[in-house]
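The file final-v1.txt comes next; it holds compact mmCIF, C-alpha atoms and all ligand atoms.
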# COMPACT_ATOMS: atom_id res chain seq x y z
CA MET S 2 45.25 -12.45 2.89
CA SER S 3 44.67 -14.18 -0.39
CA PHE S 4 42.39 -17.17 -0.59
CA ASN S 5 43.45 -20.64 -1.64
CA GLU S 6 42.39 -20.95 -5.24
CA ASN S 7 40.94 -24.42 -4.75
CA ALA S 8 38.92 -23.68 -1.63
CA GLN S 9 35.18 -24.14 -2.15
CA LEU S 10 32.91 -21.28 -1.07
CA ASP S 11 29.65 -21.85 0.80
CA THR S 12 27.10 -19.36 -0.48
CA SER S 13 24.43 -20.63 1.93
CA GLN S 14 26.01 -18.41 4.60
CA VAL S 15 25.08 -15.24 2.75
CA GLU S 16 21.86 -13.68 1.54
CA SER S 17 21.17 -11.04 -1.01
CA GLY S 18 19.21 -8.00 0.08
CA GLY S 19 18.23 -4.62 -1.26
CA GLY S 20 15.29 -3.16 -3.07
CA GLY S 21 16.73 -3.45 -6.52
CA GLY S 22 18.31 -6.82 -6.13
CA PHE S 23 21.98 -7.39 -6.20
CA GLY S 24 24.27 -7.43 -9.16
CA ARG S 25 21.90 -6.01 -11.70
CA GLY S 26 23.93 -2.89 -12.27
CA GLY S 27 23.27 0.61 -11.13
CA GLY S 28 22.05 0.30 -7.60
CA GLY S 29 21.54 2.96 -5.04
CA ASN S 30 18.54 4.41 -6.76
CA PHE S 31 15.23 2.86 -5.96
CA PRO S 32 12.15 4.47 -7.46
CA GLY S 33 9.45 4.68 -4.85
CA GLY S 34 11.94 3.62 -2.23
CA ILE S 35 11.39 3.88 1.47
CA GLN S 36 12.05 7.23 3.08
CA ILE S 37 13.82 7.10 6.36
CA GLY S 38 12.07 9.23 8.91
CA GLY S 39 9.94 9.44 11.98
CA GLY S 40 10.10 6.47 14.27
CA ILE S 41 12.47 4.63 12.04
CA GLY S 42 15.04 7.31 12.78
CA GLY S 43 15.56 5.88 16.23
CA LEU S 44 16.06 2.44 14.82
CA ILE S 45 18.59 3.74 12.36
CA LEU S 46 20.49 5.46 15.12
CA LEU S 47 20.60 2.26 17.09
CA VAL S 48 22.20 0.59 14.11
CA LEU S 49 24.59 3.48 13.60
CA MET S 50 26.18 2.89 16.94
CA LEU S 51 27.17 -0.54 15.86
CA ILE S 52 28.42 0.13 12.41
CA PHE S 53 31.94 0.04 11.26
CA GLY S 54 32.53 3.64 10.33
CA GLY S 55 30.54 5.57 12.89
CA GLY S 56 27.74 8.08 12.81
CA SER S 57 30.16 10.86 12.11
CA ILE S 58 30.29 9.73 8.50
CA LEU S 59 26.80 11.10 8.18
CA GLY S 60 27.87 14.49 9.38
CA GLY S 61 28.04 14.43 13.13
CA ASP S 62 25.92 13.20 15.95
CA SER S 63 23.95 16.26 16.92
CA ASP S 64 20.78 14.20 17.00
CA GLY S 65 22.43 11.12 18.40
CA GLY S 66 21.15 11.66 21.91
CA SER S 67 17.87 9.93 21.35
CA ALA S 68 19.48 6.66 20.45
CA GLY S 69 20.80 5.99 23.91
CA GLY S 70 17.35 6.33 25.37
CA LEU S 71 15.76 3.89 23.03
CA PRO S 72 15.00 0.71 24.95
CA SER S 73 16.18 -2.06 22.70
CA GLN S 74 13.71 -4.53 24.13
CA GLU S 75 10.90 -2.53 22.54
CA LEU S 76 12.29 -3.23 19.13
CA GLU S 77 10.69 -6.14 17.42
CA PRO S 78 12.71 -7.85 14.74
CA GLN S 79 11.09 -7.14 11.45
CA GLN S 80 10.70 -9.64 8.75
CA VAL S 81 14.03 -9.72 7.07
CA GLY S 82 14.54 -9.54 3.42
CA ALA S 83 10.93 -10.11 2.46
CA ALA S 84 11.20 -7.61 -0.34
CA GLY S 85 14.17 -7.66 -2.59
CA GLN S 86 15.34 -11.03 -1.41
CA VAL S 87 17.11 -12.71 -4.23
CA GLN S 88 17.98 -16.30 -4.80
CA GLN S 89 21.30 -17.87 -3.95
CA SER S 90 21.96 -18.24 -7.65
CA GLU S 91 22.94 -14.59 -7.64
CA PHE S 92 26.18 -15.68 -6.10
CA SER S 93 26.80 -18.37 -8.69
CA GLN S 94 29.94 -16.51 -9.79
CA CYS S 95 31.45 -17.27 -6.37
CA LYS S 96 32.55 -20.89 -6.32
CA THR S 97 36.19 -20.94 -5.27
CA GLY S 98 38.92 -19.03 -3.52
CA ALA S 99 40.15 -17.94 -6.93
CA ASP S 100 36.81 -16.17 -7.40
CA ALA S 101 37.27 -14.48 -4.01
CA ASN S 102 40.69 -13.21 -5.08
CA ARG S 103 39.25 -11.29 -8.02
CA ASP S 104 35.70 -10.35 -6.97
CA ASP S 105 34.77 -8.37 -3.85
CA VAL S 106 31.38 -10.07 -3.43
CA CYS S 107 33.08 -13.46 -3.49
CA LEU S 108 35.69 -12.10 -1.07
CA ILE S 109 32.89 -11.26 1.36
CA ILE S 110 31.48 -14.78 1.07
CA ALA S 111 34.88 -16.41 1.55
CA THR S 112 35.59 -14.22 4.59
CA VAL S 113 32.18 -15.03 6.08
CA ASN S 114 32.94 -18.74 5.58
CA SER S 115 36.28 -18.32 7.33
CA ALA S 116 34.84 -16.24 10.21
CA ASN S 117 32.01 -18.70 10.84
CA ASP S 118 34.45 -21.61 10.76
CA TYR S 119 36.89 -19.84 13.08
CA TRP S 120 34.29 -18.89 15.66
CA SER S 121 32.55 -22.27 15.57
CA LYS S 122 35.89 -23.89 16.43
CA THR S 123 37.02 -21.20 18.88
CA LEU S 124 34.09 -20.43 21.19
CA PRO S 125 33.79 -24.03 22.44
CA LYS S 126 37.41 -23.74 23.62
CA TYR S 127 36.12 -20.99 25.90
CA GLN S 128 33.13 -23.09 26.99
CA MET S 129 30.72 -21.12 24.83
CA ASN S 130 28.48 -22.12 21.97
CA TYR S 131 28.65 -20.41 18.62
CA GLU S 132 25.58 -19.66 16.57
CA MET S 133 26.31 -19.13 12.90
CA ALA S 134 25.57 -15.62 11.62
CA LYS S 135 24.65 -14.96 8.02
CA THR S 136 25.72 -11.90 6.08
CA VAL S 137 23.37 -9.96 3.86
CA ILE S 138 25.11 -8.53 0.81
CA TYR S 139 23.16 -5.64 -0.62
CA GLU S 140 23.33 -2.68 -2.88
CA GLY S 141 22.01 0.78 -2.12
CA GLN S 142 19.42 0.12 0.57
CA VAL S 143 18.35 -2.80 2.69
CA GLN S 144 15.62 -3.80 5.09
CA SER S 145 17.24 -5.19 8.22
CA GLY S 146 15.81 -6.40 11.50
CA CYS S 147 17.02 -3.06 12.91
CA GLY S 148 15.21 -0.97 10.30
CA THR S 149 15.94 0.32 6.84
CA ALA S 150 19.55 1.15 6.18
CA SER S 151 21.33 2.67 3.21
CA ALA S 152 24.83 1.93 2.05
CA GLN S 153 25.87 5.30 3.50
CA VAL S 154 25.98 3.85 7.01
CA GLY S 155 28.69 1.40 6.04
CA PRO S 156 28.81 -2.24 7.06
CA PHE S 157 26.90 -2.98 10.24
CA TYR S 158 25.71 -5.75 12.50
CA CYS S 159 22.07 -5.98 13.56
CA PRO S 160 21.71 -7.76 16.91
CA LEU S 161 17.97 -8.17 16.47
CA ASP S 162 18.30 -10.54 13.52
CA SER S 163 21.93 -11.58 14.17
CA ARG S 164 23.04 -10.63 10.69
CA VAL S 165 25.91 -8.68 9.23
CA TYR S 166 25.02 -6.24 6.44
CA VAL S 167 27.57 -5.23 3.84
CA ASP S 168 27.39 -3.21 0.67
CA ALA S 169 30.39 -4.27 -1.38
CA SER S 170 30.83 -0.74 -2.69
CA PHE S 171 32.07 0.22 0.79
CA PHE S 172 35.44 -1.28 -0.03
CA GLN S 173 36.04 1.34 -2.67
CA GLU S 174 35.04 4.04 -0.18
CA LEU S 175 37.46 2.65 2.34
CA GLU S 176 40.22 3.68 -0.02
CA SER S 177 38.78 6.71 -1.80
CA LYS S 178 36.89 8.34 1.07
CA PHE S 179 38.72 7.13 4.15
CA GLY S 180 42.20 6.83 2.66
CA ALA S 181 42.98 3.24 3.60
CA SER S 182 45.69 1.53 1.61
CA GLY S 183 43.47 -1.22 0.24
CA GLY S 184 44.45 -4.85 -0.15
CA PRO S 185 42.50 -7.99 0.70
CA LEU S 186 43.06 -7.99 4.45
CA ALA S 187 41.77 -4.41 4.70
CA LYS S 188 38.47 -5.70 3.34
CA GLU S 189 38.50 -8.93 5.31
CA TYR S 190 39.13 -6.95 8.50
CA VAL S 191 35.88 -5.04 7.91
CA ILE S 192 33.92 -8.29 7.78
CA ALA S 193 35.82 -9.79 10.71
CA HIS S 194 35.09 -6.67 12.80
CA GLU S 195 31.36 -7.13 12.22
CA TYR S 196 31.61 -10.79 13.25
CA GLY S 197 33.30 -9.49 16.38
CA HIS S 198 30.02 -7.68 17.12
CA HIS S 199 28.15 -10.95 16.61
CA ILE S 200 30.38 -12.58 19.22
CA GLN S 201 29.69 -9.66 21.55
CA ASN S 202 25.98 -10.17 20.98
CA LEU S 203 26.30 -13.85 21.90
CA LEU S 204 28.21 -12.78 25.03
CA GLY S 205 25.57 -10.19 25.96
CA LEU S 206 27.99 -7.27 25.73
CA LEU S 207 26.52 -5.17 22.94
CA ASN S 208 24.11 -3.22 25.14
CA ARG S 209 27.07 -1.64 26.91
CA ALA S 210 27.49 0.51 23.83
CA GLN S 211 23.98 1.87 24.19
CA GLN S 212 24.31 2.48 27.92
CA ASP S 213 27.36 4.70 27.44
CA PRO S 214 27.33 5.79 23.81
CA GLN S 215 29.99 8.52 23.50
CA GLY S 216 33.42 9.59 24.67
CA PRO S 217 37.02 8.40 24.47
CA ASN S 218 36.55 5.75 27.17
CA SER S 219 32.83 5.13 26.67
CA GLY S 220 31.13 1.77 26.52
CA ALA S 221 30.59 2.31 22.79
CA VAL S 222 34.29 2.84 22.13
CA ARG S 223 35.19 -0.17 24.27
CA VAL S 224 32.72 -2.33 22.34
CA GLU S 225 34.20 -1.17 19.02
CA LEU S 226 37.80 -1.69 20.10
CA MET S 227 36.92 -5.16 21.37
CA ALA S 228 35.48 -5.95 17.93
CA ASP S 229 38.78 -4.82 16.40
CA CYS S 230 40.68 -7.07 18.79
CA LEU S 231 38.39 -10.04 18.06
CA ALA S 232 38.98 -9.41 14.35
CA GLY S 233 42.70 -9.57 15.12
CA THR S 234 42.32 -12.99 16.74
CA TRP S 235 40.59 -14.21 13.58
CA VAL S 236 43.51 -12.93 11.48
CA LYS S 237 45.92 -14.84 13.71
CA HIS S 238 44.04 -18.11 13.17
CA ALA S 239 42.49 -17.49 9.75
CA THR S 240 44.82 -19.81 7.89
CA GLU S 241 43.55 -22.67 10.07
CA THR S 242 40.01 -22.22 8.79
CA THR S 243 38.81 -24.60 6.11
CA ASP S 244 36.02 -25.24 3.67
CA ALA S 245 33.63 -28.18 4.07
CA ASP S 246 36.21 -30.55 2.56
CA GLY S 247 38.98 -29.46 4.91
CA THR S 248 40.87 -27.36 2.36
CA PRO S 249 42.39 -24.26 4.01
CA LEU S 250 40.48 -21.16 2.94
CA LEU S 251 43.37 -18.73 3.24
CA GLN S 252 46.99 -18.53 2.21
CA PRO S 253 49.67 -17.54 4.75
CA ILE S 254 49.55 -13.96 5.95
CA THR S 255 52.14 -11.46 4.73
CA GLN S 256 53.57 -8.33 6.31
CA GLN S 257 51.79 -6.35 3.61
CA ASP S 258 48.49 -7.88 4.73
CA ILE S 259 49.01 -6.65 8.28
CA GLU S 260 49.96 -3.20 7.10
CA ASP S 261 46.79 -3.08 4.99
CA ALA S 262 44.63 -4.08 7.95
CA LEU S 263 46.27 -1.52 10.22
CA SER S 264 45.79 1.12 7.56
CA ALA S 265 42.08 0.31 7.39
CA ALA S 266 41.73 0.31 11.18
CA ALA S 267 43.41 3.70 11.39
CA ALA S 268 41.42 5.16 8.51
CA VAL S 269 38.15 4.63 10.37
CA GLY S 270 39.45 5.98 13.67
CA ASP S 271 37.16 8.68 15.06
CA ASP S 272 39.93 11.28 15.10
CA ARG S 273 40.77 10.69 11.43
CA ILE S 274 37.12 10.85 10.40
CA GLN S 275 36.44 13.93 12.51
CA GLU S 276 39.40 15.74 10.98
CA LYS S 277 38.00 15.04 7.54
CA VAL S 278 34.35 15.75 8.27
CA GLN S 279 34.42 18.60 10.79
CA GLY S 280 38.03 19.79 10.61
CA ARG S 281 38.69 19.25 14.31
CA VAL S 282 38.88 16.41 16.80
CA THR S 283 36.30 16.18 19.59
CA PRO S 284 37.00 13.10 21.72
CA GLU S 285 33.81 13.63 23.73
CA ASN S 286 31.90 12.54 20.62
CA TRP S 287 33.95 9.44 19.88
CA THR S 288 31.99 6.25 19.30
CA HIS S 289 34.60 3.91 17.79
CA GLY S 290 37.99 4.96 19.13
CA SER S 291 41.03 6.78 17.82
CA ALA S 292 43.15 5.54 14.94
CA GLU S 293 45.92 4.65 17.37
CA ALA S 294 43.60 2.72 19.69
CA ARG S 295 41.99 0.82 16.82
CA MET S 296 45.38 -0.28 15.49
CA SER S 297 46.59 -1.13 18.98
CA TRP S 298 43.61 -3.35 19.87
CA PHE S 299 43.64 -5.03 16.48
CA ASN S 300 47.31 -5.82 17.05
CA GLN S 301 46.61 -7.09 20.55
CA GLY S 302 44.20 -9.64 19.09
CA TYR S 303 46.50 -10.51 16.21
CA GLU S 304 49.60 -10.99 18.33
CA THR S 305 47.99 -13.00 21.12
CA GLY S 306 45.28 -14.81 19.14
CA ASP S 307 43.45 -15.04 22.47
CA ILE S 308 40.00 -13.56 22.93
CA ASN S 309 40.66 -13.18 26.67
CA GLN S 310 43.18 -10.49 25.72
CA CYS S 311 40.37 -8.48 24.10
CA ASN S 312 38.64 -7.38 27.30
CA THR S 313 38.47 -3.66 26.70
CA PHE S 314 36.26 -3.33 29.77
CA GLY S 315 39.03 -4.71 31.97
CA VAL S 316 41.35 -1.72 31.55
CA ASP S 317 40.99 1.74 33.05
CA ARG S 318 41.38 3.65 29.83
CA VAL S 319 41.28 2.69 26.18
CA SER S 320 42.07 6.17 24.85
ZN ZN S 401 31.80 -1.77 14.87
Would you put the structure from the file into structure tokens?
Ligand SMILES: [Zn+2]
Amino acid sequence: MSFNENAQLDTSQVESGGGGGFGRGGGGNFPGGIQIGGGIGGLILLVLMLIFGGGSILGGDSDGGSAGGLPSQELEPQQVGAAGQVQQSEFSQCKTGADANRDDVCLIIATVNSANDYWSKTLPKYQMNYEMAKTVIYEGQVQSGCGTASAQVGPFYCPLDSRVYVDASFFQELESKFGASGGPLAKEYVIAHEYGHHIQNLLGLLNRAQQDPQGPNSGAVRVELMADCLAGTWVKHATETTDADGTPLLQPITQQDIEDALSAAAAVGDDRIQEKVQGRVTPENWTHGSAEARMSWFNQGYETGDINQCNTFGVDRVS
């Protein structure tokens, strides 16, 4: 979906993270940077289970077993963004919807604005309170409340600091590496999916991914498919979201938009990724769901616009 050119963006809902600072060119290469290893590995694996693309991007989950056994209550949120935190002025290029239509960083901000507005209006209708979640936009590597993460893991949500983390370069990978068709809604879907995880965190559902981390009908897959469905409900209502002045953030959705979102959802299906990475499909290792299931649950949310239709734990099988 394209943004309304006159809509005003609220950059206070995003933060800049990453060792080298954002938008200074290069990126991804941090002299003297933090090595991931030892105890942090467990933290990283915890994050991996919640990310958009799945651990299989990193070459399989042979060491994934330890993550399930990691008691999340032992994890203390770390200070977020202490190093590499950059001022809001870094987003000074993102003022309006027109900026979001030509710049991926501004697109992230505009989508975050829309998602926060949507959920703040929607959860009260279901007798629940919404707590605004910020998004950290980073380049290369970032310190999150769930440990250090590199852009390789893809966008993710950290329940320990209630923040979404996105490296804008992922959008190019979505097309070049995963084969999605591109288009604005493909990118917006990625952000909306992560906000789906934030809703799940508010509802106390995220731990069900850790309790049952793998398999075609596992808790992890059900959590991911629910996030796809919740993203679909946002798409349904996205044009109703507004900036602080009441100007709609988004223009009406097109059929091309939906096709782009479905293409992105399919591209990050476990079966598609496994075919690419390991040359065969092993459902017993699925963490996010098949291409078909991801499209189907996204559609369920989009067509109904009702979060009660996103209960992936209420059906016998999701795959
Ligand atoms: Zn996810």
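Closest approach to Glu91 in chain S among S:Ala181, S:Ile138, S:Met133, S:Ala268 is made by S:Ile138 (distances from all atoms listed in the file).
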Give me, please, the distance in Å between CA of Trp298 in chain S and CA of Val113 in chain S, quoted to one decimal.
21.4 Å
Nearest to Ser219 in chain S, restricted to only C-alpha atoms and choosing among S:Thr288, S:Tyr131, S:Ser121, S:Gln144, comes out as S:Thr288
Taking all atoms listed in the file and a cut-off of 12 Å, can you tell me which residues surround ligand ZN 401 (chain S), written as a PyMOL selection string?
chain S and resi 48-56+154-160+165-166+190-202+207+210+221-232+266+269-271+288-290+295
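CA of Glu176 in chain S is positioned 24.7 Å from CA of Phe92 in chain S.
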For Asp307 in chain S: contacts at 10 Å, all atoms listed in the file, fewer than 2 positions along chain excluded, given as a PDB file with C-alpha atoms, in the coordinates of the input:
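Result written to result_11.pdb:
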ATOM      1  CA  THR S 123      37.020 -21.200  18.880  1.00  0.00           C
ATOM      2  CA  CYS S 230      40.680  -7.070  18.790  1.00  0.00           C
ATOM      3  CA  LEU S 231      38.390 -10.040  18.060  1.00  0.00           C
ATOM      4  CA  GLY S 233      42.700  -9.570  15.120  1.00  0.00           C
ATOM      5  CA  THR S 234      42.320 -12.990  16.740  1.00  0.00           C
ATOM      6  CA  TRP S 235      40.590 -14.210  13.580  1.00  0.00           C
ATOM      7  CA  LYS S 237      45.920 -14.840  13.710  1.00  0.00           C
ATOM      8  CA  HIS S 238      44.040 -18.110  13.170  1.00  0.00           C
ATOM      9  CA  GLN S 301      46.610  -7.090  20.550  1.00  0.00           C
ATOM     10  CA  GLY S 302      44.200  -9.640  19.090  1.00  0.00           C
ATOM     11  CA  TYR S 303      46.500 -10.510  16.210  1.00  0.00           C
ATOM     12  CA  GLU S 304      49.600 -10.990  18.330  1.00  0.00           C
ATOM     13  CA  THR S 305      47.990 -13.000  21.120  1.00  0.00           C
ATOM     14  CA  ASN S 309      40.660 -13.180  26.670  1.00  0.00           C
ATOM     15  CA  GLN S 310      43.180 -10.490  25.720  1.00  0.00           C
ATOM     16  CA  CYS S 311      40.370  -8.480  24.100  1.00  0.00           C
TER      17      CYS S 311
END
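Taking CA of Ile109 in chain S and CA of Pro214 in chain S as endpoints, the distance between them is 28.7 Å.
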Near range 93-101 of chain S, within 6 Å and counting only C-alpha atoms, which residues show up once chain neighbours fewer than 2 positions away are dropped, as a PyMOL selection string?
chain S and resi 4-10+90-91+103-104+107-108
Output of range 211-222 of chain S limited to all heavy atoms, as a PDB file, in the first residue's frame:
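Listing of part-v8.pdb after writing:
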ATOM      1  N   GLN S 211       8.337 -21.319  22.587  1.00  0.00           N
ATOM      2  CA  GLN S 211       9.492 -21.936  23.236  1.00  0.00           C
ATOM      3  C   GLN S 211       9.166 -23.327  23.775  1.00  0.00           C
ATOM      4  O   GLN S 211       9.996 -24.220  23.766  1.00  0.00           O
ATOM      5  CB  GLN S 211       9.967 -21.057  24.398  1.00  0.00           C
ATOM      6  CG  GLN S 211      10.640 -19.787  23.938  1.00  0.00           C
ATOM      7  CD  GLN S 211      10.624 -18.744  25.048  1.00  0.00           C
ATOM      8  OE1 GLN S 211       9.830 -17.819  25.025  1.00  0.00           O
ATOM      9  NE2 GLN S 211      11.496 -18.917  26.011  1.00  0.00           N
ATOM     10  N   GLN S 212       7.923 -23.483  24.239  1.00  0.00           N
ATOM     11  CA  GLN S 212       7.555 -24.767  24.843  1.00  0.00           C
ATOM     12  C   GLN S 212       7.503 -25.890  23.805  1.00  0.00           C
ATOM     13  O   GLN S 212       7.673 -27.052  24.131  1.00  0.00           O
ATOM     14  CB  GLN S 212       6.178 -24.633  25.526  1.00  0.00           C
ATOM     15  CG  GLN S 212       6.243 -23.797  26.792  1.00  0.00           C
ATOM     16  CD  GLN S 212       4.863 -23.245  27.198  1.00  0.00           C
ATOM     17  OE1 GLN S 212       3.860 -23.473  26.525  1.00  0.00           O
ATOM     18  NE2 GLN S 212       4.841 -22.505  28.293  1.00  0.00           N
ATOM     19  N   ASP S 213       7.269 -25.532  22.562  1.00  0.00           N
ATOM     20  CA  ASP S 213       7.073 -26.534  21.511  1.00  0.00           C
ATOM     21  C   ASP S 213       7.660 -25.957  20.222  1.00  0.00           C
ATOM     22  O   ASP S 213       6.940 -25.484  19.353  1.00  0.00           O
ATOM     23  CB  ASP S 213       5.559 -26.796  21.376  1.00  0.00           C
ATOM     24  CG  ASP S 213       5.232 -27.836  20.321  1.00  0.00           C
ATOM     25  OD1 ASP S 213       6.150 -28.560  19.881  1.00  0.00           O
ATOM     26  OD2 ASP S 213       4.044 -27.916  19.938  1.00  0.00           O
ATOM     27  N   PRO S 214       9.005 -25.976  20.125  1.00  0.00           N
ATOM     28  CA  PRO S 214       9.682 -25.112  19.151  1.00  0.00           C
ATOM     29  C   PRO S 214       9.755 -25.597  17.708  1.00  0.00           C
ATOM     30  O   PRO S 214      10.139 -24.813  16.840  1.00  0.00           O
ATOM     31  CB  PRO S 214      11.092 -24.981  19.729  1.00  0.00           C
ATOM     32  CG  PRO S 214      11.288 -26.209  20.541  1.00  0.00           C
ATOM     33  CD  PRO S 214       9.950 -26.612  21.065  1.00  0.00           C
ATOM     34  N   GLN S 215       9.427 -26.847  17.411  1.00  0.00           N
ATOM     35  CA  GLN S 215       9.627 -27.333  16.041  1.00  0.00           C
ATOM     36  C   GLN S 215       8.548 -28.302  15.609  1.00  0.00           C
ATOM     37  O   GLN S 215       8.026 -29.051  16.435  1.00  0.00           O
ATOM     38  CB  GLN S 215      10.974 -28.068  15.937  1.00  0.00           C
ATOM     39  CG  GLN S 215      12.143 -27.144  15.723  1.00  0.00           C
ATOM     40  CD  GLN S 215      13.422 -27.923  15.467  1.00  0.00           C
ATOM     41  OE1 GLN S 215      13.379 -29.043  14.951  1.00  0.00           O
ATOM     42  NE2 GLN S 215      14.543 -27.346  15.806  1.00  0.00           N
ATOM     43  N   GLY S 216       8.304 -28.318  14.299  1.00  0.00           N
ATOM     44  CA  GLY S 216       7.370 -29.285  13.723  1.00  0.00           C
ATOM     45  C   GLY S 216       6.211 -28.585  13.047  1.00  0.00           C
ATOM     46  O   GLY S 216       5.908 -27.427  13.351  1.00  0.00           O
ATOM     47  N   PRO S 217       5.572 -29.292  12.106  1.00  0.00           N
ATOM     48  CA  PRO S 217       4.550 -28.645  11.265  1.00  0.00           C
ATOM     49  C   PRO S 217       3.352 -28.113  12.044  1.00  0.00           C
ATOM     50  O   PRO S 217       2.698 -27.173  11.586  1.00  0.00           O
ATOM     51  CB  PRO S 217       4.133 -29.758  10.298  1.00  0.00           C
ATOM     52  CG  PRO S 217       4.583 -31.030  10.924  1.00  0.00           C
ATOM     53  CD  PRO S 217       5.792 -30.706  11.737  1.00  0.00           C
ATOM     54  N   ASN S 218       3.058 -28.709  13.194  1.00  0.00           N
ATOM     55  CA  ASN S 218       1.932 -28.222  14.001  1.00  0.00           C
ATOM     56  C   ASN S 218       2.388 -27.780  15.396  1.00  0.00           C
ATOM     57  O   ASN S 218       1.605 -27.779  16.346  1.00  0.00           O
ATOM     58  CB  ASN S 218       0.851 -29.300  14.104  1.00  0.00           C
ATOM     59  CG  ASN S 218       0.167 -29.522  12.767  1.00  0.00           C
ATOM     60  OD1 ASN S 218      -0.570 -28.664  12.284  1.00  0.00           O
ATOM     61  ND2 ASN S 218       0.445 -30.648  12.130  1.00  0.00           N
ATOM     62  N   SER S 219       3.653 -27.388  15.482  1.00  0.00           N
ATOM     63  CA  SER S 219       4.244 -27.010  16.768  1.00  0.00           C
ATOM     64  C   SER S 219       3.700 -25.678  17.266  1.00  0.00           C
ATOM     65  O   SER S 219       3.097 -24.898  16.520  1.00  0.00           O
ATOM     66  CB  SER S 219       5.763 -26.908  16.619  1.00  0.00           C
ATOM     67  OG  SER S 219       6.078 -25.908  15.664  1.00  0.00           O
ATOM     68  N   GLY S 220       3.959 -25.418  18.534  1.00  0.00           N
ATOM     69  CA  GLY S 220       3.604 -24.123  19.099  1.00  0.00           C
ATOM     70  C   GLY S 220       4.293 -22.991  18.365  1.00  0.00           C
ATOM     71  O   GLY S 220       3.704 -21.928  18.140  1.00  0.00           O
ATOM     72  N   ALA S 221       5.550 -23.202  17.983  1.00  0.00           N
ATOM     73  CA  ALA S 221       6.293 -22.156  17.271  1.00  0.00           C
ATOM     74  C   ALA S 221       5.608 -21.798  15.959  1.00  0.00           C
ATOM     75  O   ALA S 221       5.417 -20.618  15.644  1.00  0.00           O
ATOM     76  CB  ALA S 221       7.730 -22.618  17.012  1.00  0.00           C
ATOM     77  N   VAL S 222       5.243 -22.823  15.197  1.00  0.00           N
ATOM     78  CA  VAL S 222       4.588 -22.574  13.908  1.00  0.00           C
ATOM     79  C   VAL S 222       3.243 -21.891  14.119  1.00  0.00           C
ATOM     80  O   VAL S 222       2.886 -20.947  13.401  1.00  0.00           O
ATOM     81  CB  VAL S 222       4.433 -23.897  13.117  1.00  0.00           C
ATOM     82  CG1 VAL S 222       3.438 -23.733  11.973  1.00  0.00           C
ATOM     83  CG2 VAL S 222       5.787 -24.356  12.588  1.00  0.00           C
TER      84      VAL S 222
END
